[in-house]
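Student: Could you have a look at this structure, given as structure tokens, before my questions?
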Amino acid sequence: MITPQKKRMGLLSLLIVGTLLTAGGGAMAWFFGHDTTLHAQRDQNQCRMEQVNMFGQRHTVKEFPLTTLQAAEVAHRRSTRSKNKGSRNTYQVQLRTNDGVYAFSRVWTSDAEGHQQRAKQINDFLASRENTLEVTQSGKIVRLIGYGVTALGLLLLIGFVRRLIRRLLLGA
């Protein structure tokens, strides 16, 4: 009886795929895995959107007077996926101001309920007399996916190094 032989990835394939996954996962975590927070102070007439990246570094994205903030809205768009899976909506909180519309976060997600909740918190604050507001959209899930893809890429690169060393030492 003939049994099929197990086919393994070649050295070059391990290097290329490992490098792409490591870089892609890192880029995903870096560019899309940040936490975005809107801080509002009524007594100072100030709104500040701030991002915290995967290393904990804070970065102010936008500052504007609170009096220019008119409302928070949830925008949606239909994202097309593969042919057999159809399409679905993705959502993003947007802040409508006198100066235009600003995205609360660069990321569009399928979490409609979470986006509706954040928009409601902002709109409730605008309608109230409360002095402070802090609303955060977490990028934790995107970061974790990015870390997982990076880890898979690193495992492939470790496999590449092991096989390269074995080939160099044994001449196999």
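By convention in this document, the chains of the structure tokens carry letters A, B, ... by their order, each chain's residues are numbered from 1, and ligands are numbered from 1 in the order they are shown.
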If we count only C-alpha atoms, what is near A:Val17 at a cut-off of 10 Å, once residues fewer than 3 positions away on the same chain are taken out, given as a list in words?
Tutor: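 After dropping sequence-adjacent residues, the list is Met9, Leu12, Ser13, Leu14, Leu20, Leu21, Thr22, Ala23, Leu152, Gly153, Leu154, Leu156 and Leu157 of chain A.
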Student: Output the selection as a short mmCIF file (atom, residue, chain, number, x, y, z; two decimals), in the first residue's frame - N, CA and C atoms for each residue.
Tutor:
```
data_model
loop_
_atom_site.label_atom_id
_atom_site.label_comp_id
_atom_site.auth_asym_id
_atom_site.auth_seq_id
_atom_site.Cartn_x
_atom_site.Cartn_y
_atom_site.Cartn_z
N MET A 9 6.51 22.76 3.86
CA MET A 9 6.85 24.01 3.20
C MET A 9 8.35 24.07 2.97
N LEU A 12 12.21 28.75 1.47
CA LEU A 12 11.84 30.07 0.96
C LEU A 12 10.39 30.40 1.29
N SER A 13 9.52 29.41 1.20
CA SER A 13 8.10 29.62 1.54
C SER A 13 7.95 29.98 3.01
N LEU A 14 8.67 29.28 3.88
CA LEU A 14 8.61 29.59 5.31
C LEU A 14 9.07 31.02 5.57
N LEU A 20 5.69 37.85 5.99
CA LEU A 20 4.44 38.55 5.68
C LEU A 20 3.46 38.53 6.86
N LEU A 21 3.33 37.38 7.50
CA LEU A 21 2.41 37.29 8.64
C LEU A 21 2.91 38.12 9.82
N THR A 22 4.20 38.09 10.08
CA THR A 22 4.75 38.87 11.18
C THR A 22 4.54 40.36 10.93
N ALA A 23 4.88 40.82 9.73
CA ALA A 23 4.72 42.24 9.40
C ALA A 23 3.24 42.62 9.36
N LEU A 152 2.00 33.68 14.86
CA LEU A 152 2.04 32.62 13.85
C LEU A 152 3.20 32.87 12.88
N GLY A 153 3.37 34.11 12.46
CA GLY A 153 4.48 34.45 11.58
C GLY A 153 5.83 34.18 12.23
N LEU A 154 5.96 34.53 13.51
CA LEU A 154 7.21 34.27 14.22
C LEU A 154 7.49 32.77 14.35
N LEU A 156 6.61 30.50 12.20
CA LEU A 156 7.09 30.08 10.88
C LEU A 156 8.54 30.51 10.67
N LEU A 157 8.89 31.70 11.13
CA LEU A 157 10.28 32.16 11.00
C LEU A 157 11.22 31.32 11.86
#
```
Student: Show which residues sit within 9 Å of stretch 65-69 of chain A, as a list in words. Count only C-alpha atoms, and ignore same-chain residues fewer than 5 positions away.
Tutor: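 So the residues in contact are Ala40, Gln41, Arg42, Gln44, Asn45, Gln46, Cys47, Arg48, Leu95, Arg96, Thr97, Asn98, Asp99 and Leu126 of chain A.
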Student: Fewer than 4 positions away in the same chain doesn't count, so skip those; otherwise give me all residues within 7 Å of A:Val61, counting only C-alpha atoms, as a list of chain:residue names.
Tutor: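 What passes the distance filter is A:Met49, A:Glu50, A:Gln51.
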Student: Take the residues from that selection and write them out as a CSV table (one decimal), in the first residue's frame, keeping C-alpha atoms.
Tutor:
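Output file result28.csv follows:
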```csv
chain,number,residue,atom,x,y,z
A,49,MET,CA,-10.0,62.9,20.9
A,50,GLU,CA,-7.1,60.9,22.1
A,51,GLN,CA,-5.6,57.6,20.9
```
Student: Tell me, as a ChimeraX atom specification, which residues lie within 9 Å of A:Val142, counting only C-alpha atoms; anything in the same chain fewer than 4 positions away does not count.
Tutor: /A:28-29,32-34,138,146-147
Student: Considering only C-alpha atoms, give me a table of residues in stretch 42-92 of chain A that are at most 9 Å from stretch 108-111 of chain A, with the closest atom pair and distance in Å for each, as CSV.
Tutor:
```
residue,atom,partner,partner_atom,distance
A:His76,CA,A:Trp108,CA,8.3
A:Arg77,CA,A:Trp108,CA,8.7
A:Arg88,CA,A:Ser110,CA,7.9
A:Asn89,CA,A:Ser110,CA,6.3
A:Thr90,CA,A:Ser110,CA,4.5
A:Tyr91,CA,A:Trp108,CA,5.2
A:Gln92,CA,A:Trp108,CA,5.1
```
Student: From the options A:Arg167, A:Val135, A:Gly159, A:Arg143, which residue's atoms come nearest to A:Gly25, counting only C-alpha atoms?
Tutor: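 Between A:Arg167, A:Val135, A:Gly159, A:Arg143, the residue approaching A:Gly25 most closely is A:Arg143.
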Student: Run DSSP on the backbone of this structure and report the residues of chain A it assigns to alpha helix (DSSP H), as a VMD selection string.
Tutor: chain A and resid 11 to 32 112 to 127 140 to 170
Student: Keeping only C-alpha atoms, take the residues you just selected and write them out as a short mmCIF file (atom, residue, chain, number, x, y, z; two decimals), in the first residue's frame.
Tutor:
```cif
data_model
loop_
_atom_site.label_atom_id
_atom_site.label_comp_id
_atom_site.auth_asym_id
_atom_site.auth_seq_id
_atom_site.Cartn_x
_atom_site.Cartn_y
_atom_site.Cartn_z
CA LEU A 11 12.65 27.14 3.19
CA LEU A 12 11.84 30.07 0.96
CA SER A 13 8.10 29.62 1.54
CA LEU A 14 8.61 29.59 5.31
CA LEU A 15 10.67 32.77 5.10
CA ILE A 16 8.21 34.63 2.87
CA VAL A 17 5.00 33.58 4.62
CA GLY A 18 6.54 34.03 8.08
CA THR A 19 7.77 37.52 7.21
CA LEU A 20 4.44 38.55 5.68
CA LEU A 21 2.41 37.29 8.64
CA THR A 22 4.75 38.87 11.18
CA ALA A 23 4.72 42.24 9.40
CA GLY A 24 0.97 42.09 8.65
CA GLY A 25 0.00 41.20 12.21
CA GLY A 26 2.25 43.90 13.61
CA ALA A 27 0.83 46.47 11.20
CA MET A 28 -2.73 45.45 12.11
CA ALA A 29 -2.05 45.90 15.82
CA TRP A 30 -0.17 49.17 15.26
CA PHE A 31 -2.56 50.92 12.87
CA PHE A 32 -5.94 49.56 13.99
CA ALA A 112 -23.54 48.05 15.79
CA GLU A 113 -24.76 47.87 19.38
CA GLY A 114 -21.46 49.13 20.80
CA HIS A 115 -21.36 52.03 18.34
CA GLN A 116 -24.99 52.93 19.09
CA GLN A 117 -24.19 52.90 22.80
CA ARG A 118 -21.18 55.25 22.39
CA ALA A 119 -23.19 57.63 20.17
CA LYS A 120 -26.01 57.63 22.74
CA GLN A 121 -23.57 58.46 25.57
CA ILE A 122 -22.27 61.44 23.61
CA ASN A 123 -25.74 62.67 22.61
CA ASP A 124 -27.04 62.23 26.18
CA PHE A 125 -24.12 64.31 27.44
CA LEU A 126 -24.85 67.04 24.89
CA ALA A 127 -28.49 67.16 26.04
CA LYS A 140 -8.32 45.27 22.14
CA ILE A 141 -9.84 42.63 19.85
CA VAL A 142 -8.00 43.96 16.81
CA ARG A 143 -4.76 44.08 18.83
CA LEU A 144 -5.23 40.47 19.96
CA ILE A 145 -5.87 39.30 16.40
CA GLY A 146 -2.78 41.22 15.25
CA TYR A 147 -0.71 39.64 18.02
CA GLY A 148 -1.97 36.18 17.05
CA VAL A 149 -1.08 36.69 13.38
CA THR A 150 2.34 38.02 14.42
CA ALA A 151 2.92 35.00 16.68
CA LEU A 152 2.04 32.62 13.85
CA GLY A 153 4.48 34.45 11.58
CA LEU A 154 7.21 34.27 14.22
CA LEU A 155 6.63 30.52 14.62
CA LEU A 156 7.09 30.08 10.88
CA LEU A 157 10.28 32.16 11.00
CA ILE A 158 11.58 30.02 13.88
CA GLY A 159 10.81 26.94 11.79
CA PHE A 160 12.72 28.53 8.90
CA VAL A 161 15.78 29.16 11.09
CA ARG A 162 15.67 25.62 12.54
CA ARG A 163 15.45 24.02 9.12
CA LEU A 164 18.15 26.30 7.72
CA ILE A 165 20.53 25.43 10.57
CA ARG A 166 19.74 21.72 10.20
CA ARG A 167 20.37 21.93 6.46
CA LEU A 168 23.65 23.81 6.94
CA LEU A 169 24.92 21.48 9.70
CA LEU A 170 23.80 18.20 8.22
#
```
Student: Rounded to one decimal in Å, what is the spacing between atom CA of A:Val93 and atom CA of A:Gln137?
Tutor: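 Those two atoms sit 9.5 Å apart.
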Student: For each of A:Ser79, A:Gln57, A:Gln70, A:Ser105, take the minimum atom-to-atom distance to A:Gly139, counting only C-alpha atoms, then give the residue where this is smallest.
Tutor: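 Closest residue, counting only C-alpha atoms: A:Ser105.
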Student: As a PyMOL selection string, list the residues of chain A assigned to strand (DSSP E) by DSSP on the backbone atoms of this structure.
Tutor: chain A and resi 35-41+46-52+58-64+69-80+87-97+100-103+132-137
Student: Keeping C-alpha atoms, export the residues of the selection given above as a CSV table (one decimal), in the first residue's frame.
Tutor:
```csv
chain,number,residue,atom,x,y,z
A,35,ASP,CA,-8.0,52.7,22.0
A,36,THR,CA,-9.8,56.0,21.1
A,37,THR,CA,-11.2,58.2,23.8
A,38,LEU,CA,-13.3,61.4,23.6
A,39,HIS,CA,-12.8,63.7,26.6
A,40,ALA,CA,-15.3,66.6,27.0
A,41,GLN,CA,-15.2,69.4,29.6
A,46,GLN,CA,-13.2,71.6,25.2
A,47,CYS,CA,-13.4,68.3,23.4
A,48,ARG,CA,-10.3,66.2,22.8
A,49,MET,CA,-10.0,62.9,20.9
A,50,GLU,CA,-7.1,60.9,22.1
A,51,GLN,CA,-5.6,57.6,20.9
A,52,VAL,CA,-3.5,55.2,23.0
A,58,ARG,CA,-1.0,58.8,24.0
A,59,HIS,CA,-1.6,60.9,21.0
A,60,THR,CA,-4.1,63.8,20.6
A,61,VAL,CA,-6.0,63.3,17.3
A,62,LYS,CA,-8.3,66.3,17.4
A,63,GLU,CA,-9.3,69.1,19.7
A,64,PHE,CA,-12.3,71.4,19.2
A,69,LEU,CA,-20.2,69.5,18.6
A,70,GLN,CA,-23.8,69.0,17.3
A,71,ALA,CA,-24.3,65.3,17.6
A,72,ALA,CA,-22.8,61.8,17.4
A,73,GLU,CA,-24.1,59.5,14.6
A,74,VAL,CA,-23.5,55.9,13.7
A,75,ALA,CA,-22.5,55.6,10.0
A,76,HIS,CA,-22.7,52.3,8.3
A,77,ARG,CA,-21.5,50.8,5.0
A,78,ARG,CA,-21.9,47.5,3.4
A,79,SER,CA,-18.7,45.6,3.2
A,80,THR,CA,-18.5,42.9,0.5
A,87,SER,CA,-22.0,41.0,2.6
A,88,ARG,CA,-22.6,42.7,5.9
A,89,ASN,CA,-22.7,46.1,7.4
A,90,THR,CA,-19.9,47.7,9.3
A,91,TYR,CA,-20.3,50.7,11.6
A,92,GLN,CA,-18.4,53.7,12.8
A,93,VAL,CA,-19.3,56.5,15.2
A,94,GLN,CA,-18.9,59.9,13.6
A,95,LEU,CA,-19.0,63.3,15.3
A,96,ARG,CA,-21.0,66.0,13.5
A,97,THR,CA,-19.6,69.5,14.2
A,100,GLY,CA,-17.6,69.0,9.4
A,101,VAL,CA,-17.8,65.3,10.4
A,102,TYR,CA,-15.0,63.6,12.2
A,103,ALA,CA,-14.6,59.8,12.6
A,132,THR,CA,-17.5,65.9,31.9
A,133,LEU,CA,-17.7,63.0,29.5
A,134,GLU,CA,-15.3,60.3,28.7
A,135,VAL,CA,-16.2,57.7,26.0
A,136,THR,CA,-13.7,55.0,24.8
A,137,GLN,CA,-13.7,52.7,21.9
```
